[in-house]
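For reference, the structure discussed in these notes is given below.
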Amino acid sequence: MTAELDLTASTMLRLSTAGSVDDGKSTLIGRLLLDTKSILADQLAHVEEVSQRRGDAYTDLALLTDGLRAEREQGITIDVAYRYFATARRKFIIADTPGHVQYTRNMVTGASTADLAIVLIDARKGVLEQTRRHAFIASLLRVPHLVVAVNKMDLVGYDQAVFDTISADFAEFAGKLEITDVTFLPMSALAGDNVVTRSSNMPWFEGTSLLYHLENLHIASDRNLIDARFPVQWVIRGDGRSEERGYAGQMASGVLRPGDDVVVLPAGTATRIAAIETFDGPLKEAVSPMSVTMRLADHVDVSRGDMICRPHNQPALVREVDAIVCWMSEQPLKAGTRYALKHTTTTVRAHVAEIVHGIDVTTLHRDEGATELRLNEVGRVVLRTSRPLAVDAYRRSRATGSFVLIDEATNDTVGGGMVIDASTDVLSEAEPTQRSTNVVWSPPAVTRGQRAKALGHYGVTLWLTGLPASGKSTIAAGIEHRLVTDGRVAYRLDGDNLRHGLNGDLGFAPEERAENVRRTAHVAALMADAGSIAIVSLVSPYASDRAAARAIHQDMGLPFLELYVNTPLEECERRDPKGLYAKARAGELSNFTGVDDFYEAPAAPEVELRAAEHGAEAMVDRVLAALRELRLLDVRST
């Protein structure tokens, strides 16, 4: 039996709920379970009976998830409740997390592995302190997708103005955070409005229901397929007649295949993968989150906690870790305190070398004078470990950039950490002479400002999105021609030079579209980092994919302008230069945007281009004007 990398295999969606007390998190999950027929008849009967016994005038769906007696008595969630359900399109794992401030640590636990977080807001109360707290934590944990569910719209008469005000308030706060994909959705969990089906009570809302959004959210592109990391969990010895050994564990990120050259950290021993196996037989490749056994070509010393990775793409080996820590213990964290630190499959001893600053999670202000972190507080901490750790920055890999701190006396988990930087390089301590003698000349790094002065402009990515035949390619070609003839460094990326090369192995299924966007975004970001103006012309129909492309640039500190070529579908079909709409209408093409696949128009593009009304040349003028307004052009003169 063999297996290959499959971008469609990621059908499981992990999501967590968050929000203030009594915003309706448990009721929402109960509604999802009920309306998707994911509960048994006797479960529903029991909930109805308990609701009636308590004197409720309605069936309290929150009882489906509030399992603890204290939760039912107080009407709040205390523990993290996990629920599982499935539809015809996808399987789901829901973490229902508490809303009360004192249980913020439980929200951290539930969101740490989530692909999506749902932040509920009571329409009567608006954005509260706890709302901001949970949004910050979701951002801190780098949850890729966020749904802001404005709940209890039935109690405000389904008023659009209420929804718009709350959405604007949240968006203002979220603008200070690293949140890449936010969807706003009005609903009533108790009445079922916009939960599983669209609501007729809010005809002004043009979006989808929550379940439709969850079923169609593309998460394959969220996976890190670049940085191959395999933490060894177990060493499997042979049957006594053979010295051959296997190394079992779970792929943290990336892709590894038999025949790949690898190194084993922390020793740095070079070898090659001889085979990758599961109980069912050999595999052609292993990807996250597959659990596999690897066999190496050479007899090398490999133990639990070691990391297998590629020779030219390694995590940092550190004994000093700069990290953001969420504190979960009633005993405060203080400088000098010692803990056990568990990272992937290894556990080491660590002591707190320094508390750099605390963070107010509601105002985002730093407390530079913080001397301790108390329960549910967040701060930046420097830790020193007894042995080297192979870590990545958390923004690069959630798996190898995170760790937990454990109180060795009680064995309680007291903190969760996210690596910011690997500030102490083991090699620099162990081999200072060798490193210094190998360096003949070390020129200073070229800054983006220096590149901009040399080229006359800053590097930037212009991302043109719109329906097929909307005029994207014509405008992109016009921008490129105008810039190059003016002496700028610019290059256009579109289907003609991507689909026949870098992305030639991809089709047009949603997951492959997402991968097409991801690869293109990385190439465009590298071009922009080099000082070029990258002009991307892609349909890129899904908002989450475009948000991911923006996030790639934000992580590198690069400007990214989304240009929405807003041409009506009827006009696009009338043009149809390649006859694709006609083929799609005839059933000869599938997954064609605008016919049998949807297009999510940008909610707030930097520039909206209506070429059908004003002409392509005028649109080129408008884009160049926007670049000048942002002071990205004519750098020499400034």
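Going through the structure tokens in order, the chains are called A, B, and so on, while each chain numbers its residues from 1 and the ligands are numbered from 1 in the order shown.
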
Residues near Pro559 of chain A, anyone? I mean within 10 Å using only C-alpha atoms, not counting same-chain ones fewer than 6 positions away, as a list in words.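 The contact residues come out as Tyr458, Gly459, Val460, Thr461, Leu462, Ala525, Ala528, Asp529, Arg550, His553, Leu630 and Leu632 of chain A.
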
Would you mind listing what lies within 7 Å of Val195 of chain A as a ChimeraX atom specification, with only C-alpha atoms counted and same-chain residues fewer than 6 positions away left out? /A:32,187,189,209-211

Within 10 Å of segment 405-417 of chain A, counting only C-alpha atoms, which residues show up once you throw out same-chain ones fewer than 6 positions away? Write them as a ChimeraX atom specification, please. /A:105,108-109,112,141,321-333,337-343,347-350,375-381,394

Among the residues of segment 381-520 of chain A, find those DSSP assigns to alpha helix (DSSP H) from the backbone and print them as an MDAnalysis selection string. chainID A and resid 426:430 432:438 448:455 472:485 495:497 510:520

Quick one: of A:Ala171, A:Ala530, A:Leu383, A:Met290, who's nearest to Val446 of chain A, counting only C-alpha atoms?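 Between A:Ala171, A:Ala530, A:Leu383, A:Met290, the residue approaching Val446 of chain A most closely is A:Ala530.
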
So that I can check the surroundings of Gly615 of chain A, please list as a PyMOL selection string every protein, DNA and RNA residue that reaches within 12 Å of it, counting only C-alpha atoms and ignoring chain neighbours fewer than 2 positions away. chain A and resi 470-472+474-475+478+565+567+609-613+617-622

Residues within 12 Å of His299 of chain A, please, as a ChimeraX atom specification. Count only C-alpha atoms; anything in the same chain fewer than 2 positions from it doesn't count. /A:242-247,264,269-274,295-297,301-302

Only C-alpha atoms, please: the residues just picked out, written as a compact mmCIF listing (two decimals), in the first residue's frame.
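Resulting contents of out-v6.txt:
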```txt
# COMPACT_ATOMS: atom_id res chain seq x y z
CA SER A 242 18.39 -7.59 12.81
CA GLU A 243 20.01 -4.32 13.91
CA GLU A 244 17.58 -2.31 11.77
CA ARG A 245 15.64 0.29 13.73
CA GLY A 246 12.67 2.47 13.01
CA TYR A 247 11.87 5.89 14.41
CA VAL A 264 19.30 14.41 12.95
CA THR A 269 24.36 13.72 11.92
CA ALA A 270 23.75 13.48 8.18
CA THR A 271 21.97 10.47 6.70
CA ARG A 272 19.23 9.53 4.24
CA ILE A 273 15.67 8.22 4.60
CA ALA A 274 15.54 4.58 3.52
CA ARG A 295 13.98 3.98 8.66
CA LEU A 296 17.32 5.55 7.96
CA ALA A 297 20.01 4.37 5.55
CA ASP A 301 22.35 7.46 17.19
CA VAL A 302 18.73 8.65 17.31
```

Contact residues around Val182 of chain A with only C-alpha atoms at 10 Å, ignoring same-chain residues under 4 positions, as JSON, numbers by chain: {"A": [116, 117, 118, 144, 145, 146, 147, 148, 171, 174, 543, 544, 547]}

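Nearest residue to Thr113 of chain A, choosing from A:Met153, A:Ala625, A:Leu15, A:Leu225 and counting only C-alpha atoms: A:Leu15.
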
Which residues are close to Leu580 of chain A, i.e. within 12 Å by only C-alpha atoms, leaving aside same-chain residues fewer than 6 positions away? Reply as a ChimeraX atom specification. /A:467-469,572-574,586-595

Let's have the selection written as a short mmCIF file (atom, residue, chain, number, x, y, z; two decimals), in the first residue's frame, with all heavy atoms.
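The result, stored in part_33.cif:
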```
data_model
loop_
_atom_site.label_atom_id
_atom_site.label_comp_id
_atom_site.auth_asym_id
_atom_site.auth_seq_id
_atom_site.Cartn_x
_atom_site.Cartn_y
_atom_site.Cartn_z
N LEU A 467 -13.59 38.16 -11.38
CA LEU A 467 -14.13 37.05 -12.15
C LEU A 467 -13.31 36.80 -13.42
O LEU A 467 -12.62 37.70 -13.91
CB LEU A 467 -15.59 37.34 -12.54
CG LEU A 467 -16.62 37.31 -11.42
CD1 LEU A 467 -17.92 37.92 -11.91
CD2 LEU A 467 -16.85 35.89 -10.93
N PRO A 468 -13.36 35.58 -13.97
CA PRO A 468 -12.73 35.33 -15.26
C PRO A 468 -13.28 36.30 -16.31
O PRO A 468 -14.47 36.58 -16.35
CB PRO A 468 -13.12 33.88 -15.58
CG PRO A 468 -13.38 33.26 -14.25
CD PRO A 468 -13.98 34.35 -13.40
N ALA A 469 -12.39 36.83 -17.14
CA ALA A 469 -12.74 37.78 -18.22
C ALA A 469 -13.18 39.13 -17.69
O ALA A 469 -13.84 39.90 -18.38
CB ALA A 469 -13.82 37.20 -19.14
N CYS A 572 -18.77 39.87 -18.11
CA CYS A 572 -17.70 38.87 -18.27
C CYS A 572 -18.13 37.76 -19.23
O CYS A 572 -17.34 37.33 -20.09
CB CYS A 572 -17.34 38.27 -16.91
SG CYS A 572 -16.62 39.45 -15.73
N GLU A 573 -19.38 37.31 -19.09
CA GLU A 573 -19.88 36.27 -20.00
C GLU A 573 -20.01 36.80 -21.42
O GLU A 573 -19.77 36.06 -22.39
CB GLU A 573 -21.23 35.75 -19.50
CG GLU A 573 -21.14 34.87 -18.26
CD GLU A 573 -22.30 33.89 -18.15
OE1 GLU A 573 -22.47 33.06 -19.07
OE2 GLU A 573 -23.02 33.95 -17.14
N ARG A 574 -20.36 38.07 -21.56
CA ARG A 574 -20.47 38.62 -22.89
C ARG A 574 -19.12 38.65 -23.59
O ARG A 574 -19.00 38.35 -24.78
CB ARG A 574 -21.05 40.04 -22.82
CG ARG A 574 -21.38 40.66 -24.18
CD ARG A 574 -21.67 42.14 -24.07
NE ARG A 574 -20.50 42.89 -23.65
CZ ARG A 574 -19.49 43.20 -24.48
NH1 ARG A 574 -19.50 42.80 -25.74
NH2 ARG A 574 -18.46 43.89 -24.03
N ALA A 586 -22.22 24.60 -20.61
CA ALA A 586 -22.56 23.36 -21.32
C ALA A 586 -22.15 22.12 -20.53
O ALA A 586 -22.37 20.99 -21.00
CB ALA A 586 -21.89 23.36 -22.69
N GLY A 587 -21.54 22.31 -19.37
CA GLY A 587 -21.12 21.17 -18.55
C GLY A 587 -19.79 20.57 -18.95
O GLY A 587 -19.40 19.52 -18.45
N GLU A 588 -19.05 21.25 -19.82
CA GLU A 588 -17.77 20.73 -20.26
C GLU A 588 -16.63 21.10 -19.30
O GLU A 588 -15.56 20.51 -19.34
CB GLU A 588 -17.44 21.25 -21.66
CG GLU A 588 -18.46 20.82 -22.72
CD GLU A 588 -18.19 21.46 -24.07
OE1 GLU A 588 -17.04 21.95 -24.27
OE2 GLU A 588 -19.09 21.49 -24.93
N LEU A 589 -16.85 22.11 -18.46
CA LEU A 589 -15.88 22.51 -17.44
C LEU A 589 -16.56 22.47 -16.09
O LEU A 589 -17.73 22.84 -15.96
CB LEU A 589 -15.38 23.94 -17.71
CG LEU A 589 -14.39 24.16 -18.85
CD1 LEU A 589 -14.05 25.64 -18.95
CD2 LEU A 589 -13.12 23.35 -18.64
N SER A 590 -15.84 22.02 -15.08
CA SER A 590 -16.37 22.01 -13.72
C SER A 590 -15.55 22.94 -12.85
O SER A 590 -14.42 23.31 -13.18
CB SER A 590 -16.34 20.59 -13.14
OG SER A 590 -15.02 20.08 -13.13
N ASN A 591 -16.11 23.33 -11.71
CA ASN A 591 -15.46 24.22 -10.75
C ASN A 591 -15.07 25.55 -11.40
O ASN A 591 -14.01 26.11 -11.10
CB ASN A 591 -14.21 23.57 -10.13
CG ASN A 591 -14.53 22.32 -9.34
OD1 ASN A 591 -15.52 22.27 -8.64
ND2 ASN A 591 -13.70 21.31 -9.47
N PHE A 592 -15.92 26.05 -12.29
CA PHE A 592 -15.61 27.30 -12.96
C PHE A 592 -16.25 28.46 -12.21
O PHE A 592 -17.46 28.51 -11.98
CB PHE A 592 -16.13 27.28 -14.41
CG PHE A 592 -15.66 28.46 -15.22
CD1 PHE A 592 -14.36 28.50 -15.70
CD2 PHE A 592 -16.51 29.52 -15.49
CE1 PHE A 592 -13.91 29.59 -16.44
CE2 PHE A 592 -16.07 30.61 -16.23
CZ PHE A 592 -14.77 30.64 -16.71
N THR A 593 -15.42 29.40 -11.78
CA THR A 593 -15.89 30.54 -10.99
C THR A 593 -16.92 31.35 -11.75
O THR A 593 -16.71 31.74 -12.89
CB THR A 593 -14.70 31.44 -10.61
OG1 THR A 593 -13.71 30.65 -9.94
CG2 THR A 593 -15.15 32.57 -9.70
N GLY A 594 -18.04 31.62 -11.07
CA GLY A 594 -19.11 32.39 -11.67
C GLY A 594 -20.22 31.54 -12.23
O GLY A 594 -21.32 32.03 -12.47
N VAL A 595 -19.93 30.23 -12.43
CA VAL A 595 -20.95 29.33 -12.99
C VAL A 595 -21.30 28.25 -11.95
O VAL A 595 -22.41 28.23 -11.43
CB VAL A 595 -20.49 28.68 -14.30
CG1 VAL A 595 -21.54 27.70 -14.83
CG2 VAL A 595 -20.22 29.77 -15.35
#
```
